[in-house]
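Novice: Below is the file query-v3.cif, with mmCIF, C-alpha atoms.
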data_entry
loop_
_atom_site.label_atom_id
_atom_site.label_comp_id
_atom_site.auth_asym_id
_atom_site.auth_seq_id
_atom_site.Cartn_x
_atom_site.Cartn_y
_atom_site.Cartn_z
CA MET A 943 -12.23 34.37 15.40
CA THR A 944 -9.64 35.13 18.09
CA GLN A 945 -11.57 33.00 20.56
CA ARG A 946 -11.51 30.04 18.13
CA ALA A 947 -7.79 30.58 17.47
CA ASN A 948 -7.11 30.62 21.22
CA ALA A 949 -9.07 27.37 21.65
CA SER A 950 -6.97 25.81 18.88
CA ASP A 951 -3.74 26.97 20.54
CA VAL A 952 -4.88 25.48 23.84
CA ARG A 953 -5.68 22.13 22.21
CA CYS A 954 -2.32 22.03 20.41
CA ARG A 955 -0.50 22.75 23.67
CA GLN A 956 -2.48 20.01 25.40
CA LEU A 957 -1.62 17.53 22.64
CA ASP A 958 2.06 18.50 22.87
CA GLU A 959 1.99 17.91 26.62
CA LEU A 960 0.18 14.59 26.23
CA LEU A 961 2.64 13.22 23.67
CA SER A 962 5.80 14.44 25.38
CA THR A 963 4.62 13.02 28.71
CA ILE A 964 3.77 9.58 27.34
CA ALA A 965 6.98 9.53 25.29
CA GLU A 966 8.98 10.22 28.44
CA GLN A 967 7.11 7.88 30.78
CA ASN A 968 6.27 5.00 28.42
CA ASN A 969 8.94 5.10 25.71
CA TRP A 970 6.22 6.09 23.25
CA SER A 971 7.48 6.63 19.73
CA GLY A 972 5.29 7.52 16.79
CA ASN A 973 3.44 9.93 14.51
CA LEU A 974 0.13 11.66 15.12
CA LEU A 975 -1.93 13.68 12.64
CA ILE A 976 -5.30 15.24 13.41
CA LEU A 977 -7.50 16.55 10.61
CA GLU A 978 -10.38 18.99 10.93
CA GLU A 979 -12.46 19.25 7.74
CA GLY A 980 -9.55 17.70 5.89
CA ASN A 981 -6.97 20.25 7.04
CA PRO A 982 -4.06 19.21 9.25
CA PHE A 983 -4.90 20.73 12.64
CA TYR A 984 -2.08 19.04 14.57
CA GLN A 985 0.93 16.94 13.58
CA ASN A 986 3.82 15.54 15.60
CA SER A 987 6.60 12.95 15.26
CA ILE A 988 8.45 11.68 18.33
CA GLY A 989 11.18 9.05 18.59
CA LEU A 990 13.28 6.97 16.22
CA ALA A 991 12.44 5.24 12.95
CA ASN A 992 15.60 3.12 13.17
CA ARG A 993 17.39 2.54 16.47
CA GLU A 994 20.46 1.18 14.71
CA THR A 995 21.10 4.26 12.57
CA ALA A 996 19.36 6.73 14.96
CA GLU A 997 17.18 8.00 12.08
CA LYS A 998 14.37 10.03 13.62
CA LEU A 999 10.71 9.63 12.83
CA SER A 1000 9.32 12.30 10.51
CA PRO A 1001 5.96 12.93 8.84
CA ASP A 1002 7.36 10.90 5.88
CA SER A 1003 8.03 7.77 7.98
CA VAL A 1004 6.44 4.61 6.55
CA PHE A 1005 4.69 2.41 9.14
CA GLU A 1006 3.17 -1.05 8.95
CA LEU A 1007 -0.56 -0.54 9.48
CA ALA A 1008 -1.39 -4.08 10.69
CA SER A 1009 -5.21 -4.44 10.78
CA VAL A 1010 -5.87 -0.88 9.59
CA SER A 1011 -5.04 -2.62 6.26
CA LYS A 1012 -8.42 -4.40 6.41
CA ALA A 1013 -10.25 -1.32 5.13
CA PHE A 1014 -8.13 -1.43 1.94
CA THR A 1015 -8.83 -5.15 1.48
CA ALA A 1016 -12.55 -4.49 1.88
CA MET A 1017 -12.34 -1.62 -0.62
CA GLY A 1018 -10.73 -4.02 -3.13
CA ILE A 1019 -13.78 -6.29 -2.78
CA MET A 1020 -16.18 -3.33 -3.07
CA ILE A 1021 -14.49 -2.21 -6.30
CA LEU A 1022 -14.81 -5.73 -7.78
CA GLN A 1023 -18.45 -5.84 -6.71
CA GLU A 1024 -19.14 -2.54 -8.52
CA GLN A 1025 -17.31 -3.91 -11.58
CA GLY A 1026 -19.78 -6.83 -11.51
CA LYS A 1027 -17.01 -9.39 -10.99
CA LEU A 1028 -18.34 -10.73 -7.70
CA ASP A 1029 -21.28 -10.36 -5.36
CA TYR A 1030 -21.28 -10.09 -1.57
CA SER A 1031 -23.58 -13.12 -1.47
CA ASP A 1032 -21.14 -15.32 -3.45
CA LYS A 1033 -20.00 -18.42 -1.57
CA VAL A 1034 -16.30 -18.79 -0.83
CA ASP A 1035 -16.28 -22.37 -2.16
CA ASN A 1036 -17.34 -20.96 -5.57
CA PHE A 1037 -13.88 -19.40 -5.83
CA PHE A 1038 -11.94 -22.28 -4.24
CA PRO A 1039 -13.59 -25.64 -5.05
CA ASP A 1040 -11.56 -27.53 -2.41
CA PHE A 1041 -12.49 -25.08 0.35
CA PRO A 1042 -13.69 -27.30 3.22
CA TYR A 1043 -16.45 -25.06 4.65
CA ALA A 1044 -19.88 -24.59 3.05
CA ASN A 1045 -22.26 -21.61 3.00
CA ILE A 1046 -19.73 -18.93 3.92
CA THR A 1047 -20.28 -15.81 1.82
CA VAL A 1048 -17.97 -12.96 0.84
CA GLU A 1049 -20.03 -10.72 3.14
CA ASN A 1050 -19.49 -13.13 6.06
CA LEU A 1051 -15.74 -12.64 5.54
CA LEU A 1052 -16.08 -8.84 5.33
CA VAL A 1053 -18.04 -8.49 8.57
CA HIS A 1054 -16.37 -11.29 10.61
CA THR A 1055 -19.39 -13.56 10.82
CA SER A 1056 -17.86 -16.57 8.99
CA GLY A 1057 -17.00 -18.71 12.03
CA LEU A 1058 -13.71 -19.68 10.38
CA PRO A 1059 -10.91 -20.98 12.64
CA ASP A 1060 -7.89 -18.76 13.27
CA TYR A 1061 -5.06 -19.44 10.83
CA MET A 1062 -2.43 -18.14 13.25
CA GLU A 1063 -3.37 -20.79 15.79
CA LEU A 1064 -3.37 -23.49 13.10
CA PHE A 1065 0.08 -22.43 11.86
CA SER A 1066 1.50 -22.38 15.39
CA HIS A 1067 0.84 -26.16 15.55
CA CYS A 1068 1.08 -27.37 11.97
CA TRP A 1069 3.53 -25.22 10.06
CA ASP A 1070 7.22 -25.71 9.28
CA LYS A 1071 8.57 -22.52 10.88
CA THR A 1072 11.63 -22.46 8.59
CA LYS A 1073 9.32 -21.45 5.71
CA ILE A 1074 7.48 -18.16 5.19
CA ALA A 1075 3.76 -18.79 4.67
CA THR A 1076 1.64 -17.12 1.98
CA ASN A 1077 -2.12 -16.83 1.45
CA GLN A 1078 -2.14 -19.99 -0.66
CA ASP A 1079 -0.69 -21.85 2.32
CA ILE A 1080 -3.69 -20.79 4.42
CA LEU A 1081 -6.04 -22.36 1.87
CA ASP A 1082 -3.86 -25.48 1.68
CA GLN A 1083 -3.63 -25.89 5.48
CA LEU A 1084 -7.37 -25.39 5.99
CA GLN A 1085 -8.01 -28.03 3.36
CA LYS A 1086 -5.43 -30.42 4.81
CA HIS A 1087 -6.26 -30.16 8.52
CA ARG A 1088 -9.92 -29.05 8.36
CA PRO A 1089 -10.07 -27.51 11.86
CA ASP A 1090 -13.62 -27.22 13.18
CA ILE A 1091 -15.73 -24.22 12.30
CA LEU A 1092 -16.33 -22.02 15.40
CA PHE A 1093 -20.03 -21.36 14.65
CA GLN A 1094 -22.45 -21.34 11.73
CA PRO A 1095 -22.15 -18.42 9.27
CA ASN A 1096 -23.92 -15.25 10.49
CA GLU A 1097 -24.64 -16.80 13.90
CA LYS A 1098 -22.39 -14.26 15.62
CA TYR A 1099 -19.52 -11.83 15.19
CA GLU A 1100 -15.97 -13.00 15.90
CA TYR A 1101 -12.99 -11.07 14.58
CA SER A 1102 -11.23 -13.18 11.96
CA ASN A 1103 -7.85 -12.58 10.35
CA THR A 1104 -8.46 -15.78 8.36
CA GLY A 1105 -11.46 -14.15 6.70
CA TYR A 1106 -9.49 -11.12 5.54
CA ALA A 1107 -6.58 -13.21 4.23
CA LEU A 1108 -9.18 -15.16 2.19
CA LEU A 1109 -10.63 -11.89 0.86
CA ALA A 1110 -7.16 -11.00 -0.50
CA SER A 1111 -7.04 -14.44 -2.17
CA ILE A 1112 -10.49 -13.79 -3.68
CA VAL A 1113 -9.22 -10.46 -5.11
CA ASP A 1114 -6.24 -12.36 -6.58
CA HIS A 1115 -8.53 -14.98 -8.10
CA VAL A 1116 -11.31 -12.74 -9.44
CA ALA A 1117 -9.10 -9.92 -10.75
CA ASP A 1118 -6.55 -12.42 -12.08
CA THR A 1119 -3.81 -10.14 -10.78
CA PRO A 1120 -1.81 -10.20 -7.53
CA PHE A 1121 -3.66 -8.58 -4.61
CA ALA A 1122 -0.82 -6.08 -4.03
CA ASP A 1123 -0.92 -4.95 -7.70
CA PHE A 1124 -4.72 -4.65 -7.63
CA LEU A 1125 -4.67 -2.30 -4.62
CA GLN A 1126 -1.82 -0.33 -6.20
CA LYS A 1127 -3.73 0.14 -9.47
CA HIS A 1128 -7.25 0.72 -8.10
CA ILE A 1129 -6.66 2.52 -4.78
CA PHE A 1130 -3.14 3.80 -4.12
CA GLN A 1131 -2.38 5.21 -7.59
CA PRO A 1132 -5.75 6.93 -8.18
CA LEU A 1133 -5.43 8.63 -4.77
CA ASN A 1134 -1.74 9.58 -5.30
CA MET A 1135 -0.78 7.55 -2.25
CA HIS A 1136 2.82 7.31 -3.50
CA ASN A 1137 4.26 5.98 -0.23
CA THR A 1138 1.71 3.23 0.34
CA SER A 1139 2.05 -0.40 -0.68
CA VAL A 1140 1.37 -3.98 0.33
CA TYR A 1141 4.77 -4.83 1.74
CA ASN A 1142 6.03 -8.12 3.22
CA ARG A 1143 9.40 -7.03 4.58
CA ARG A 1144 10.90 -10.50 5.20
CA TYR A 1145 9.20 -12.39 2.37
CA SER A 1146 10.07 -9.90 -0.39
CA PRO A 1147 12.46 -7.27 1.03
CA GLN A 1148 13.04 -4.01 -0.81
CA LEU A 1149 14.50 -0.66 0.11
CA ILE A 1150 11.81 1.71 1.39
CA GLN A 1151 12.89 5.26 2.20
CA HIS A 1152 12.08 6.45 5.74
CA TYR A 1153 10.88 3.02 6.83
CA ALA A 1154 9.89 2.96 10.52
CA TYR A 1155 11.08 -0.31 12.08
CA GLY A 1156 8.79 -1.66 14.79
CA TYR A 1157 10.29 -2.59 18.17
CA VAL A 1158 9.22 -4.77 21.10
CA TYR A 1159 10.58 -4.66 24.64
CA SER A 1160 12.76 -7.64 25.51
CA ALA A 1161 12.92 -8.31 29.27
CA PRO A 1162 16.03 -10.57 29.04
CA SER A 1163 18.08 -7.89 27.28
CA GLU A 1164 16.26 -4.97 28.98
CA ALA A 1165 16.08 -3.17 25.65
CA PHE A 1166 13.84 -2.59 22.65
CA VAL A 1167 14.61 -5.09 19.88
CA LEU A 1168 13.17 -6.05 16.51
CA PRO A 1169 10.48 -8.75 16.98
CA ASP A 1170 12.59 -11.03 14.75
CA GLU A 1171 15.12 -11.19 17.60
CA SER A 1172 12.52 -12.10 20.26
CA SER A 1173 11.53 -15.77 20.57
CA GLU A 1174 8.13 -14.66 21.84
CA HIS A 1175 7.41 -12.76 18.62
CA ASP A 1176 9.30 -14.76 15.99
CA PHE A 1177 6.03 -15.70 14.24
CA VAL A 1178 6.49 -12.34 12.46
CA ILE A 1179 8.99 -14.19 10.28
CA HIS A 1180 7.10 -17.34 9.26
CA LEU A 1181 3.77 -15.46 8.82
CA ASP A 1182 5.32 -12.59 6.85
CA GLY A 1183 4.00 -13.64 3.43
CA ILE A 1184 0.33 -13.25 4.40
CA GLN A 1185 -1.67 -10.33 2.97
CA GLY A 1186 -5.20 -8.99 3.39
CA ASP A 1187 -5.53 -9.04 7.17
CA GLY A 1188 -2.49 -6.73 7.39
CA ALA A 1189 0.64 -5.93 5.34
CA VAL A 1190 -0.20 -2.45 4.04
CA SER A 1191 2.47 0.16 4.89
CA SER A 1192 1.75 3.89 4.70
CA THR A 1193 2.45 7.42 5.91
CA LEU A 1194 0.45 10.16 7.65
CA ASP A 1195 -0.15 12.14 4.47
CA ASP A 1196 -1.17 9.13 2.39
CA LEU A 1197 -3.69 8.17 5.10
CA ARG A 1198 -4.97 11.76 4.97
CA LYS A 1199 -5.60 11.26 1.22
CA TRP A 1200 -7.39 7.96 1.98
CA ASP A 1201 -9.56 9.65 4.63
CA ARG A 1202 -10.55 12.41 2.20
CA ALA A 1203 -11.37 9.95 -0.59
CA LEU A 1204 -13.86 8.22 1.71
CA TYR A 1205 -15.99 11.39 1.69
CA THR A 1206 -16.17 11.23 -2.12
CA GLU A 1207 -17.04 8.82 -4.93
CA LYS A 1208 -13.45 8.65 -6.23
CA LEU A 1209 -13.23 4.89 -5.62
CA VAL A 1210 -16.81 3.61 -5.27
CA LYS A 1211 -20.33 5.01 -5.24
CA LYS A 1212 -21.88 6.70 -2.21
CA GLU A 1213 -24.35 3.81 -1.67
CA THR A 1214 -21.48 1.31 -1.64
CA LEU A 1215 -19.70 3.32 1.06
CA GLU A 1216 -22.90 3.70 3.08
CA LYS A 1217 -23.27 -0.08 3.10
CA ALA A 1218 -19.63 -0.43 4.18
CA PHE A 1219 -20.28 1.90 7.13
CA SER A 1220 -23.49 0.15 8.24
CA PRO A 1221 -23.95 -2.49 10.97
CA VAL A 1222 -25.15 -5.97 9.95
CA ARG A 1223 -28.03 -8.08 11.24
CA LEU A 1224 -27.12 -11.48 12.67
CA SER A 1225 -29.26 -14.63 12.52
CA ASP A 1226 -30.80 -13.90 15.95
CA ASN A 1227 -31.81 -10.40 14.71
CA SER A 1228 -29.22 -8.62 16.87
CA MET A 1229 -26.94 -6.08 15.23
CA SER A 1230 -23.15 -6.29 14.88
CA ASN A 1231 -21.23 -3.00 14.71
CA TYR A 1232 -18.63 -3.99 12.15
CA GLY A 1233 -19.02 -2.90 8.53
CA TYR A 1234 -16.76 -3.70 5.58
CA GLY A 1235 -13.30 -3.30 7.12
CA TRP A 1236 -14.45 -0.74 9.72
CA ARG A 1237 -15.56 -0.79 13.34
CA LEU A 1238 -18.64 1.38 13.87
CA LYS A 1239 -19.74 3.39 16.87
CA GLU A 1240 -22.60 5.83 17.44
CA ASP A 1241 -21.77 8.54 19.96
CA GLN A 1242 -24.70 10.65 21.22
CA VAL A 1243 -22.57 13.80 21.31
CA ILE A 1244 -20.09 13.46 18.43
CA GLY A 1245 -22.16 11.29 16.10
CA LYS A 1246 -21.00 8.36 14.00
CA VAL A 1247 -17.43 7.10 14.37
CA VAL A 1248 -15.94 4.87 11.67
CA GLN A 1249 -12.60 3.46 12.79
CA HIS A 1250 -10.08 0.64 12.87
CA GLY A 1251 -7.04 -0.19 14.93
CA GLY A 1252 -4.06 -2.36 14.09
CA SER A 1253 -1.68 -4.35 16.24
CA TRP A 1254 1.35 -6.42 15.22
CA PRO A 1255 4.63 -6.91 17.10
CA GLY A 1256 6.37 -3.53 17.01
CA TYR A 1257 3.37 -1.54 15.74
CA ARG A 1258 0.09 -0.02 16.90
CA SER A 1259 -1.95 1.99 14.45
CA TRP A 1260 -5.33 3.66 14.54
CA LEU A 1261 -7.48 5.53 12.04
CA ARG A 1262 -10.50 7.08 13.73
CA ARG A 1263 -12.95 9.10 11.60
CA TYR A 1264 -15.70 11.26 13.13
CA ILE A 1265 -17.70 11.45 9.95
CA GLU A 1266 -20.45 13.82 11.12
CA THR A 1267 -18.04 16.48 12.43
CA ASP A 1268 -15.35 15.69 9.78
CA LYS A 1269 -12.48 15.18 12.19
CA THR A 1270 -9.91 12.39 11.93
CA ILE A 1271 -7.19 10.94 14.16
CA ILE A 1272 -4.30 9.14 12.40
CA TYR A 1273 -2.13 7.45 15.04
CA LEU A 1274 0.95 5.37 14.12
CA THR A 1275 3.50 4.00 16.56
CA ASN A 1276 6.53 1.75 16.14
CA VAL A 1277 6.92 0.61 19.73
CA ASP A 1278 4.70 -2.14 21.12
CA GLN A 1279 2.35 -0.81 23.79
CA GLU A 1280 -0.52 -2.57 25.56
CA HIS A 1281 -3.85 -2.39 23.74
CA GLN A 1282 -5.56 -0.92 26.80
CA TRP A 1283 -2.91 1.79 27.09
CA THR A 1284 -3.30 2.69 23.39
CA GLU A 1285 -7.09 2.98 23.90
CA LYS A 1286 -6.57 5.36 26.85
CA THR A 1287 -4.15 7.50 24.84
CA LEU A 1288 -6.65 7.77 21.98
CA GLU A 1289 -9.40 8.61 24.45
CA ALA A 1290 -7.25 11.49 25.77
CA VAL A 1291 -6.56 12.70 22.19
CA GLU A 1292 -10.29 12.54 21.38
CA ASN A 1293 -11.23 14.45 24.54
CA ILE A 1294 -8.70 17.18 23.72
CA ILE A 1295 -10.02 17.51 20.15
CA PHE A 1296 -13.60 17.88 21.39
CA GLU A 1297 -12.55 20.21 24.25
CA ARG A 1298 -13.53 17.83 27.05
CA PRO A 1299 -11.68 16.96 30.28
CA TYR A 1300 -8.99 14.36 29.71
CA ILE A 1301 -6.54 12.18 31.64
CA ILE A 1302 -2.95 11.48 30.55
CA PRO A 1303 -2.60 7.68 30.78
#
Would you put the structure from the file into C-alpha cells?

Specialist:
Amino acid sequence: MTQRANASDVRCRQLDELLSTIAEQNNWSGNLLILEEGNPFYQNSIGLANRETAEKLSPDSVFELASVSKAFTAMGIMILQEQGKLDYSDKVDNFFPDFPYANITVENLLVHTSGLPDYMELFSHCWDKTKIATNQDILDQLQKHRPDILFQPNEKYEYSNTGYALLASIVDHVADTPFADFLQKHIFQPLNMHNTSVYNRRYSPQLIQHYAYGYVYSAPSEAFVLPDESSEHDFVIHLDGIQGDGAVSSTLDDLRKWDRALYTEKLVKKETLEKAFSPVRLSDNSMSNYGYGWRLKEDQVIGKVVQHGGSWPGYRSWLRRYIETDKTIIYLTNVDQEHQWTEKTLEAVENIIFERPYIIP
C-alpha cells in the first residue's frame, strides 16, 4: 500500500512540475483533471479566467470545448435512434428536401465519411461578415452555392465540421425542439451537469459564472487578446451562431460526470455505446478509426483509447479515456497553443500516469 502511495506522490509531483514549467515557459493557462477508476487522482488550475478582471482559473471555470462537443452531438443522435425517431442509414435529404447532395446518410455525418465541403471555407468567401451565421444558414448556403462534394459517401474519411453542424440541425428537426434544449433535457440534466450548456457567447450572450475567456497571442500588440480583437481570428464573431461541431461549454467536474456515464447505460444501451466506440469500414474495405463523435486508438500496452480534442481561437480541450484501465485525462486551456505542442503535453501527461519516461515539451 505504501509503495502504491509513494508512486502516486511521485506522479503528482511530476505533474506539478510539468504544468508549472509549461505555464512559465509557454504562457500555458488551464485546468487539468486526471481520473483513476472515476476518482480524481490529480487536479490543477493555473492562470487567469479573465485577464481584464484578473479572476483566476478554478476547478469551477467554464471553458468552451470546441470539437470535444462532437461527442454530445453524436449522443443526441444516438438517443433519437434508440427512441426510434431516426436511423443511422437515413439519408440527409430525407430531413431537408432541398439538400443538394444525394446518398449521404446520418452515419456518414457521424463518422466523417460524407465528403461534404467545409462550411467555414464557404462562409469565408460568400458570407456577409456583419451577420452572425446559424445552422440554418449553412443549409441555405450549401443549397445556394452548391460547392462540389469532395468525394463519394463512404469513399474515405475526412474530418467535417459541416457534417456535425448538420447533425445538430437533424436533432432540431426530428425532436422538434432546439438542439441546445434537447441536449439539456436528455444529457446534461439527467447527468446533473449543472454547469454545461450549448452556449454561443456573441450570438446569444448571457452571464455565466466563472466563465474562462479564451485568448490568442497578438504579435502587433505583443499581448494576449480576445480573438474578437484580432483580425486573423475575427471569424469567431460571424460563425458564433453555429452549433453541433462545437459550442458546448463545461467544467472539469461536469466532464467527470460525462466520463462516468459512458461506462453505464444511463443515456443509451451498452450495444449503442459499443457501436459508437467502433471503427467503420470504408468502401475499399479499409477501416477508419473514428466512431460516433470519438477518435479511436488501440494501444498494445494500455488498450483501447477513446478520445477527442477541440481547437477554437483561444481554446484547446482534450478528453482522453483509457477505457480498459479506467483512467481519464480532462485537459482544458484558454490560451491558444499549437496543436503539435498540445499533443506533446498530453503525451507527457499520459506517460506520467502510466509511469513511463516522459519529456517536458

Novice: Which one of A:Ile964, A:Val952, A:Ala1161, A:Leu1261 sits closest to A:Trp1283 if you count all atoms listed in the file?

Specialist: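 Closest to A:Trp1283 of all the choices is A:Ile964.
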
Novice: Running the PyMOL selection byres ((chain A and resi 1201) around 12) on this model by hand, what would come out? Give it as a PDB file with C-alpha atoms, keeping the file's coordinate frame.

Specialist:
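The result, stored in out.pdb:
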ATOM      1  CA  LEU A 975      -1.930  13.680  12.640  1.00  0.00           C
ATOM      2  CA  ILE A 976      -5.300  15.240  13.410  1.00  0.00           C
ATOM      3  CA  LEU A 977      -7.500  16.550  10.610  1.00  0.00           C
ATOM      4  CA  GLU A 978     -10.380  18.990  10.930  1.00  0.00           C
ATOM      5  CA  GLU A 979     -12.460  19.250   7.740  1.00  0.00           C
ATOM      6  CA  GLY A 980      -9.550  17.700   5.890  1.00  0.00           C
ATOM      7  CA  ASN A 981      -6.970  20.250   7.040  1.00  0.00           C
ATOM      8  CA  PRO A 982      -4.060  19.210   9.250  1.00  0.00           C
ATOM      9  CA  ALA A1013     -10.250  -1.320   5.130  1.00  0.00           C
ATOM     10  CA  PHE A1014      -8.130  -1.430   1.940  1.00  0.00           C
ATOM     11  CA  LEU A1133      -5.430   8.630  -4.770  1.00  0.00           C
ATOM     12  CA  MET A1135      -0.780   7.550  -2.250  1.00  0.00           C
ATOM     13  CA  LEU A1194       0.450  10.160   7.650  1.00  0.00           C
ATOM     14  CA  ASP A1195      -0.150  12.140   4.470  1.00  0.00           C
ATOM     15  CA  ASP A1196      -1.170   9.130   2.390  1.00  0.00           C
ATOM     16  CA  LEU A1197      -3.690   8.170   5.100  1.00  0.00           C
ATOM     17  CA  ARG A1198      -4.970  11.760   4.970  1.00  0.00           C
ATOM     18  CA  LYS A1199      -5.600  11.260   1.220  1.00  0.00           C
ATOM     19  CA  TRP A1200      -7.390   7.960   1.980  1.00  0.00           C
ATOM     20  CA  ARG A1202     -10.550  12.410   2.200  1.00  0.00           C
ATOM     21  CA  ALA A1203     -11.370   9.950  -0.590  1.00  0.00           C
ATOM     22  CA  LEU A1204     -13.860   8.220   1.710  1.00  0.00           C
ATOM     23  CA  TYR A1205     -15.990  11.390   1.690  1.00  0.00           C
ATOM     24  CA  THR A1206     -16.170  11.230  -2.120  1.00  0.00           C
ATOM     25  CA  LYS A1208     -13.450   8.650  -6.230  1.00  0.00           C
ATOM     26  CA  LEU A1209     -13.230   4.890  -5.620  1.00  0.00           C
ATOM     27  CA  VAL A1248     -15.940   4.870  11.670  1.00  0.00           C
ATOM     28  CA  GLN A1249     -12.600   3.460  12.790  1.00  0.00           C
ATOM     29  CA  LEU A1261      -7.480   5.530  12.040  1.00  0.00           C
ATOM     30  CA  ARG A1262     -10.500   7.080  13.730  1.00  0.00           C
ATOM     31  CA  ARG A1263     -12.950   9.100  11.600  1.00  0.00           C
ATOM     32  CA  TYR A1264     -15.700  11.260  13.130  1.00  0.00           C
ATOM     33  CA  ILE A1265     -17.700  11.450   9.950  1.00  0.00           C
ATOM     34  CA  ASP A1268     -15.350  15.690   9.780  1.00  0.00           C
ATOM     35  CA  LYS A1269     -12.480  15.180  12.190  1.00  0.00           C
ATOM     36  CA  THR A1270      -9.910  12.390  11.930  1.00  0.00           C
ATOM     37  CA  ILE A1271      -7.190  10.940  14.160  1.00  0.00           C
ATOM     38  CA  ILE A1272      -4.300   9.140  12.400  1.00  0.00           C
TER      39      ILE A1272
END

Novice: Suppose a student applies the PyMOL selection byres ((chain A and resi 1023-1035) around 8) to this structure; what residues should they get, written as a VMD selection string?

Specialist: chain A and resid 1019 to 1022 1036 to 1049 1116 to 1117 1210

Novice: Identify which of the residues A:Tyr1273, A:Trp1069, A:Phe1296, A:Tyr1153 lies closest to A:Thr1138, counting all atoms listed in the file when measuring atom-to-atom distances.

Specialist: A:Tyr1153

Novice: Rank nothing, just name the residue among A:Glu1100, A:Asp1226, A:Glu1240, A:Asp1118 nearest to A:Gly1057, using all atoms listed in the file.

Specialist: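 Of all the options, A:Glu1100 lies closest to A:Gly1057.
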
Novice: Measuring between all atoms listed in the file, which one of A:Ala1165, A:Ala1008, A:Gly1251, A:Gly1183 shows the shortest distance to A:Pro1147?

Specialist: A:Gly1183

Novice: Spell out the residues picked by the PyMOL selection byres ((chain A and resi 1171) around 12) here, as a CSV table (one decimal) with C-alpha atoms, in the frame of the given file.

Specialist:
chain,number,residue,atom,x,y,z
A,1156,GLY,CA,8.8,-1.7,14.8
A,1157,TYR,CA,10.3,-2.6,18.2
A,1158,VAL,CA,9.2,-4.8,21.1
A,1159,TYR,CA,10.6,-4.7,24.6
A,1160,SER,CA,12.8,-7.6,25.5
A,1162,PRO,CA,16.0,-10.6,29.0
A,1163,SER,CA,18.1,-7.9,27.3
A,1165,ALA,CA,16.1,-3.2,25.6
A,1166,PHE,CA,13.8,-2.6,22.6
A,1167,VAL,CA,14.6,-5.1,19.9
A,1168,LEU,CA,13.2,-6.0,16.5
A,1169,PRO,CA,10.5,-8.8,17.0
A,1170,ASP,CA,12.6,-11.0,14.8
A,1172,SER,CA,12.5,-12.1,20.3
A,1173,SER,CA,11.5,-15.8,20.6
A,1174,GLU,CA,8.1,-14.7,21.8
A,1175,HIS,CA,7.4,-12.8,18.6
A,1176,ASP,CA,9.3,-14.8,16.0
A,1177,PHE,CA,6.0,-15.7,14.2
A,1178,VAL,CA,6.5,-12.3,12.5
A,1179,ILE,CA,9.0,-14.2,10.3
A,1255,PRO,CA,4.6,-6.9,17.1
A,1256,GLY,CA,6.4,-3.5,17.0

Novice: Quick check, in Å to one decimal: how far apart do atom CA of A:Leu1181 and atom CA of A:Glu1063 lie?

Specialist: 11.3 Å

Novice: Would you work out the distance separating atom CA of A:Ser1066 from atom CA of A:His1087, expressed in Å to one decimal?

Specialist: 13.0 Å

Novice: Out of A:Thr1119, A:Ile1302, A:Glu1164, A:Ser1146, which residue has the shortest atom-to-atom distance to A:Asp958 when counting all atoms listed in the file?

Specialist: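 Closest to A:Asp958 of all the choices is A:Ile1302.
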
Novice: Give me, please, the distance in Å between atom CA of A:Thr1284 and atom CA of A:Met1229, quoted to one decimal.

Specialist: 26.5 Å

Novice: Enumerate, as a PyMOL selection string, the protein, DNA and RNA residues whose atoms approach (-6.9, -26.2, 13.0) to within 10 Å, taking into account all atoms listed in the file and the coordinate frame of the file.

Specialist: chain A and resi 1058-1068+1083-1091

Novice: With distances taken over all atoms listed in the file, which of A:Asn1293, A:Gly1018, A:Ser971, A:Ala1075 is nearest to A:Lys1127?

Specialist: A:Gly1018

Novice: Any idea what's packed within 9 Å of A:Phe1121, counting all atoms listed in the file, ignoring anything in its chain fewer than 2 positions away? Could you give it as an MDAnalysis selection string?

Specialist: chainID A and resid 1015 1018 1110:1115 1117:1119 1123:1126 1140 1185:1186
